[in-house]
Amino acid sequence: MLFLYAMKRKNILPASLANIRRGADILRKGGLVAFPTETVYGLGAGVFLPQAVARIFEVKGRPRFDPLIVHVASLEEVYTLWQSINPRVEKLIHTFWPGPLTIVFPKRETVPDIVTAGLSTVAVRMPAHQVALSLIREAGFPIAAPSANRFGHVSPTRAEEVASDLGDRVELILDGGKCERGVESTVLLGEGERLVLLRPGAISVEELEEVVGKIETVLPSSSILAPGMVKKHYAPSLPLYLFLGEVSDLFRCELGNWVVLSPFSLSLPGKSVVVLSEDNNLEEVASNLFGVLRELERSAFEGIIALPVKEEGLGRTIMDRLKRASSGIAEIKENRLILIDK
Ligand code: AMP
Ligand code: MG
């Protein structure tokens with residue numbers, strides 16, 4: 001067993017320059033390379049190689065109607081993907097790139113349909129991670145990459161998590177340690193001068209609005225089905241229920257073999273509690289969330305009772321992921337835990 005375990009992981013290599021070059025070579029030949037970004041690990045293929053991009057969908061088990069994000073290392077590369085740019089988008093790019101902001105804008109004909117699920121727009125971002133940037137530069141073209149997990153599962157924030165989801169179906173996994181942000185990029189749709197939030201992410205709406213003014217958060221009726229919007233997404237294999245009631249009621253309640261997942265410092269004597277940020281820091285909560293969910297999957301607990309954060313700033317993103325990961329709501333009636341499926 002141990003031997004098999006080691007064999008499975010032989011495609012993980014440290015993200016040295018030599019291995020990044022090896023990865024670039026694999027990409028040029030139409031292979032797949034998983035790589036770290038500041039958000040989560042990505043599963044990459046050369047954007048202009050439709051057969052390689054098709055393998056991303058196969059390996060992840062991702063439906064073909066789910067468009068991918070294209071990662072660039074320079075502004076010149078953006079112009080090989082988008083037809084044009086407008087002043088609002090330009091301002092966003094200058095302020096937030098490289099960084100966890102993805103912008104969806106009308107595409108050039110040369111961007112293969114498989115990348116955009118047949119849509120006339122393409123999602124682009126410049127990651128703030130030296131390994132990702134250097135892989136794109138060495139490859140010589142932008143890289144289409146969704147998160148490097150099985151479709152619907154929690155996104156990976158460590159190289160071993162990529163391996164445990166995708167095994168040796170990916171040629172190379174570049175190990176760059178733990179991803180700092182821990183949640184996916186914010187996705188904005190540019191429709192003319194309008195900017196519409198498609199997915200809350202590592203950059204908050206408040207931060208964006210400070211720079212470019214109003215961001216619309218209600219989808220236009222021509223709503224595009226995007227992966228982050230699929231109902232069952234970011235889900236751990238362990239049942240997770242959100243608890244929105246009084247935390248003190250949990251104390252009197254019989255929780256059996258369930259663990260309480262608390263964003264912030266919490267003491268519940270006699271109960272199993274996992275805290276995401278002892279310093280009550282929202283960025284740390286985001287950074288630890290997916291990794292902790294995966295650790296709990298491997299634990300002996302039967303289920304997770306997750307406590308909420310306030311839905312503002314990065315809290316909106318954290319609540320979005322928790323709601324999607326959840327099977328429903330947990331309530332307490334007469335000191336007993338009641339689970340209500342969504
Ligand atoms: P993931 O690859 O799992 O990080 O998800 C990709 C995200 O990109 C989705 O949540 C979509 O919102 C978004 N996306 C990518 N391409 C497009 C597009 N052409 N139109 C709308 N959304 C897109
Ligand atoms: Mg994903």
# chains A, B, ... in the order shown; residues from 1 in each chain; ligands from 1

call {"tool": "residues_near_ligand", "arguments": {"ligand": "ligand 1", "cutoff": "9 Å", "atoms": "only C-alpha atoms and all ligand atoms", "output": "PyMOL selection string"}}
result
chain A and resi 40+42-43+66-70+102-107+115-124+144-149+151-152+155+184-189+197-200+223-230

call {"tool": "residues_around", "arguments": {"residues": "A:Glu171", "least_positions_apart": "2", "cutoff": "10 Å", "atoms": "only C-alpha atoms", "output": "ChimeraX atom specification"}}
result
/A:10-12,23,26-27,31-34,167-169,173

call {"tool": "write_last_selection", "arguments": {"atoms": "N, CA and C atoms", "output": "CSV table (one decimal), in the first residue's frame"}}
result
chain,number,residue,atom,x,y,z
A,10,LYS,N,4.4,10.2,-7.9
A,10,LYS,CA,5.7,10.5,-8.6
A,10,LYS,C,5.6,11.6,-9.6
A,11,ASN,N,4.4,12.0,-9.9
A,11,ASN,CA,4.2,13.2,-10.9
A,11,ASN,C,4.2,14.5,-10.2
A,12,ILE,N,4.5,14.5,-8.8
A,12,ILE,CA,4.6,15.8,-8.1
A,12,ILE,C,6.1,16.2,-8.1
A,23,GLY,N,7.6,21.4,-17.5
A,23,GLY,CA,6.2,21.6,-17.6
A,23,GLY,C,5.8,22.3,-18.8
A,26,ILE,N,5.9,20.0,-21.7
A,26,ILE,CA,4.7,19.1,-21.7
A,26,ILE,C,3.5,19.9,-22.3
A,27,LEU,N,3.4,21.2,-21.9
A,27,LEU,CA,2.3,22.0,-22.4
A,27,LEU,C,2.4,22.1,-23.9
A,31,GLY,N,0.2,18.3,-23.5
A,31,GLY,CA,-0.1,17.7,-22.2
A,31,GLY,C,-0.7,18.6,-21.2
A,32,LEU,N,-1.0,18.1,-20.0
A,32,LEU,CA,-1.5,18.9,-18.9
A,32,LEU,C,-0.6,19.0,-17.8
A,33,VAL,N,-0.5,20.2,-17.2
A,33,VAL,CA,0.3,20.5,-16.1
A,33,VAL,C,-0.5,21.2,-15.0
A,34,ALA,N,-0.4,20.7,-13.8
A,34,ALA,CA,-1.1,21.4,-12.6
A,34,ALA,C,0.0,22.3,-12.0
A,167,GLY,N,-4.7,12.0,-9.5
A,167,GLY,CA,-3.8,10.9,-9.7
A,167,GLY,C,-2.8,11.2,-10.8
A,168,ASP,N,-2.5,10.1,-11.6
A,168,ASP,CA,-1.5,10.3,-12.6
A,168,ASP,C,-2.2,10.6,-14.0
A,169,ARG,N,-3.4,11.1,-14.0
A,169,ARG,CA,-4.0,11.5,-15.2
A,169,ARG,C,-3.5,12.9,-15.7
A,173,ILE,N,2.6,17.7,-11.8
A,173,ILE,CA,2.1,18.6,-10.8
A,173,ILE,C,3.2,19.4,-10.2

call {"tool": "closest_residue", "arguments": {"among": "A:Glu180, A:Asp175, A:Glu216, A:Glu193", "to": "A:Pro87", "atoms": "only C-alpha atoms"}}
result
A:Glu193

call {"tool": "closest_residue", "arguments": {"among": "A:Glu191, A:Asp279, A:Asp320, A:Glu210", "to": "A:Asn86", "atoms": "only C-alpha atoms"}}
result
A:Glu191

call {"tool": "residues_around", "arguments": {"residues": "A:Leu92", "least_positions_apart": "3", "cutoff": "8 Å", "atoms": "only C-alpha atoms", "output": "ChimeraX atom specification"}}
result
/A:88-89,95-97,208,211-212

call {"tool": "closest_residue", "arguments": {"among": "A:Ser277, A:Gln130, A:Thr157, A:Ser267", "to": "ligand 2", "atoms": "only C-alpha atoms and all ligand atoms"}}
result
A:Thr157

call {"tool": "select_by_dssp", "arguments": {"residues": "stretch 67-236 of chain A", "states": "strand (DSSP E or B)", "output": "count of residues only"}}
result
38

call {"tool": "residues_around", "arguments": {"residues": "stretch 235-240 of chain A", "least_positions_apart": "4", "cutoff": "12 Å", "atoms": "only C-alpha atoms", "output": "MDAnalysis selection string"}}
result
chainID A and resid 149:156 165 228 230:231 258:261 289:307 320:330 339:342

call {"tool": "closest_residue", "arguments": {"among": "A:Pro36, A:Gly313, A:Gly256, A:Gly270", "to": "A:Glu161", "atoms": "only C-alpha atoms"}}
result
A:Pro36

call {"tool": "select_by_dssp", "arguments": {"residues": "stretch 242-286 of chain A", "states": "alpha helix (DSSP H)", "output": "VMD selection string"}}
result
chain A and resid 247 to 251 282 to 286

call {"tool": "write_last_selection", "arguments": {"atoms": "C-alpha atoms", "output": "CSV table (one decimal), in the first residue's frame"}}
result
chain,number,residue,atom,x,y,z
A,247,VAL,CA,-23.8,29.5,19.3
A,248,SER,CA,-24.5,29.1,23.0
A,249,ASP,CA,-27.3,26.7,22.1
A,250,LEU,CA,-24.7,24.4,20.5
A,251,PHE,CA,-23.2,24.0,23.9
A,282,LEU,CA,-11.0,36.9,7.4
A,283,GLU,CA,-8.1,36.4,5.0
A,284,GLU,CA,-6.8,33.6,7.1
A,285,VAL,CA,-10.3,32.0,7.2
A,286,ALA,CA,-10.4,32.1,3.4

call {"tool": "closest_residue", "arguments": {"among": "A:Cys253, A:Leu314, A:Leu172, A:Ala45", "to": "A:Gly201", "atoms": "only C-alpha atoms"}}
result
A:Leu314

call {"tool": "closest_residue", "arguments": {"among": "A:Lys310, A:Arg194, A:Arg158, A:Arg62", "to": "A:Val218", "atoms": "only C-alpha atoms"}}
result
A:Arg194

call {"tool": "residues_around", "arguments": {"residues": "A:Ile114", "least_positions_apart": "5", "cutoff": "9 Å", "atoms": "only C-alpha atoms", "output": "number ranges by chain"}}
result
A: 50-51, 53-54, 64-65, 67-68

call {"tool": "write_last_selection", "arguments": {"atoms": "all heavy atoms", "output": "tab-separated table (two decimals), in the first residue's frame"}}
result
chain	number	residue	atom	x	y	z
A	50	PRO	N	-6.78	22.92	-28.83
A	50	PRO	CA	-8.11	22.43	-28.43
A	50	PRO	C	-8.11	20.99	-27.91
A	50	PRO	O	-8.88	20.67	-27.00
A	50	PRO	CB	-8.95	22.54	-29.70
A	50	PRO	CG	-8.13	23.23	-30.70
A	50	PRO	CD	-6.76	23.46	-30.19
A	51	GLN	N	-7.25	20.13	-28.46
A	51	GLN	CA	-7.27	18.74	-27.98
A	51	GLN	C	-6.74	18.63	-26.56
A	51	GLN	O	-7.23	17.82	-25.77
A	51	GLN	CB	-6.45	17.85	-28.91
A	51	GLN	CG	-7.20	17.61	-30.21
A	51	GLN	CD	-6.45	16.68	-31.14
A	51	GLN	OE1	-5.26	16.40	-30.94
A	51	GLN	NE2	-7.15	16.22	-32.16
A	53	VAL	N	-6.97	21.08	-24.36
A	53	VAL	CA	-8.02	21.66	-23.52
A	53	VAL	C	-9.14	20.64	-23.30
A	53	VAL	O	-9.69	20.53	-22.19
A	53	VAL	CB	-8.57	22.97	-24.15
A	53	VAL	CG1	-9.74	23.51	-23.34
A	53	VAL	CG2	-7.46	24.02	-24.25
A	54	ALA	N	-9.44	19.86	-24.33
A	54	ALA	CA	-10.49	18.83	-24.20
A	54	ALA	C	-10.13	17.85	-23.09
A	54	ALA	O	-11.00	17.38	-22.36
A	54	ALA	CB	-10.68	18.09	-25.52
A	64	ARG	N	-18.84	20.07	-20.54
A	64	ARG	CA	-18.27	20.95	-21.58
A	64	ARG	C	-18.90	22.34	-21.63
A	64	ARG	O	-18.40	23.22	-22.30
A	64	ARG	CB	-18.43	20.28	-22.95
A	64	ARG	CG	-17.57	19.04	-23.14
A	64	ARG	CD	-16.22	19.42	-23.73
A	64	ARG	NE	-15.43	18.24	-23.99
A	64	ARG	CZ	-15.06	17.84	-25.21
A	64	ARG	NH1	-15.43	18.53	-26.28
A	64	ARG	NH2	-14.34	16.76	-25.36
A	65	PHE	N	-20.06	22.52	-20.93
A	65	PHE	CA	-20.69	23.85	-20.98
A	65	PHE	C	-20.06	24.82	-19.99
A	65	PHE	O	-20.47	25.96	-19.87
A	65	PHE	CB	-22.21	23.75	-20.75
A	65	PHE	CG	-22.61	23.16	-19.42
A	65	PHE	CD1	-22.48	23.89	-18.24
A	65	PHE	CD2	-23.13	21.87	-19.36
A	65	PHE	CE1	-22.85	23.34	-17.02
A	65	PHE	CE2	-23.51	21.32	-18.13
A	65	PHE	CZ	-23.37	22.06	-16.97
A	67	PRO	N	-17.20	27.15	-19.09
A	67	PRO	CA	-16.03	27.79	-19.70
A	67	PRO	C	-14.83	27.88	-18.75
A	67	PRO	O	-15.00	27.86	-17.53
A	67	PRO	CB	-16.54	29.18	-20.08
A	67	PRO	CG	-17.68	29.43	-19.17
A	67	PRO	CD	-18.30	28.10	-18.85
A	68	LEU	N	-13.63	27.98	-19.32
A	68	LEU	CA	-12.40	28.02	-18.52
A	68	LEU	C	-11.85	29.43	-18.42
A	68	LEU	O	-12.16	30.29	-19.25
A	68	LEU	CB	-11.33	27.13	-19.18
A	68	LEU	CG	-11.71	25.67	-19.44
A	68	LEU	CD1	-10.56	24.95	-20.13
A	68	LEU	CD2	-12.09	24.97	-18.14

call {"tool": "residues_around", "arguments": {"residues": "A:Ala15", "least_positions_apart": "6", "cutoff": "8 Å", "atoms": "only C-alpha atoms", "output": "ChimeraX atom specification"}}
result
/A:131,174-176

call {"tool": "write_last_selection", "arguments": {"atoms": "N, CA, C and O atoms", "output": "compact mmCIF listing (two decimals), in the first residue's frame"}}
result
# COMPACT_ATOMS: atom_id res chain seq x y z
N VAL A 131 5.47 31.06 -9.97
CA VAL A 131 5.52 29.78 -10.69
C VAL A 131 4.55 29.80 -11.87
O VAL A 131 4.90 29.42 -12.99
N LEU A 174 3.30 20.71 -10.44
CA LEU A 174 4.37 21.54 -9.89
C LEU A 174 4.00 21.91 -8.47
O LEU A 174 2.95 22.53 -8.23
N ASP A 175 4.85 21.55 -7.52
CA ASP A 175 4.56 21.79 -6.11
C ASP A 175 5.13 23.14 -5.68
O ASP A 175 6.34 23.32 -5.60
N GLY A 176 4.26 24.08 -5.42
CA GLY A 176 4.70 25.40 -4.96
C GLY A 176 4.21 25.68 -3.55
O GLY A 176 4.06 26.84 -3.16

call {"tool": "atom_distance", "arguments": {"atom1": "atom CA of A:Ala163", "atom2": "atom CA of A:Asn19"}}
result
16.8 Å
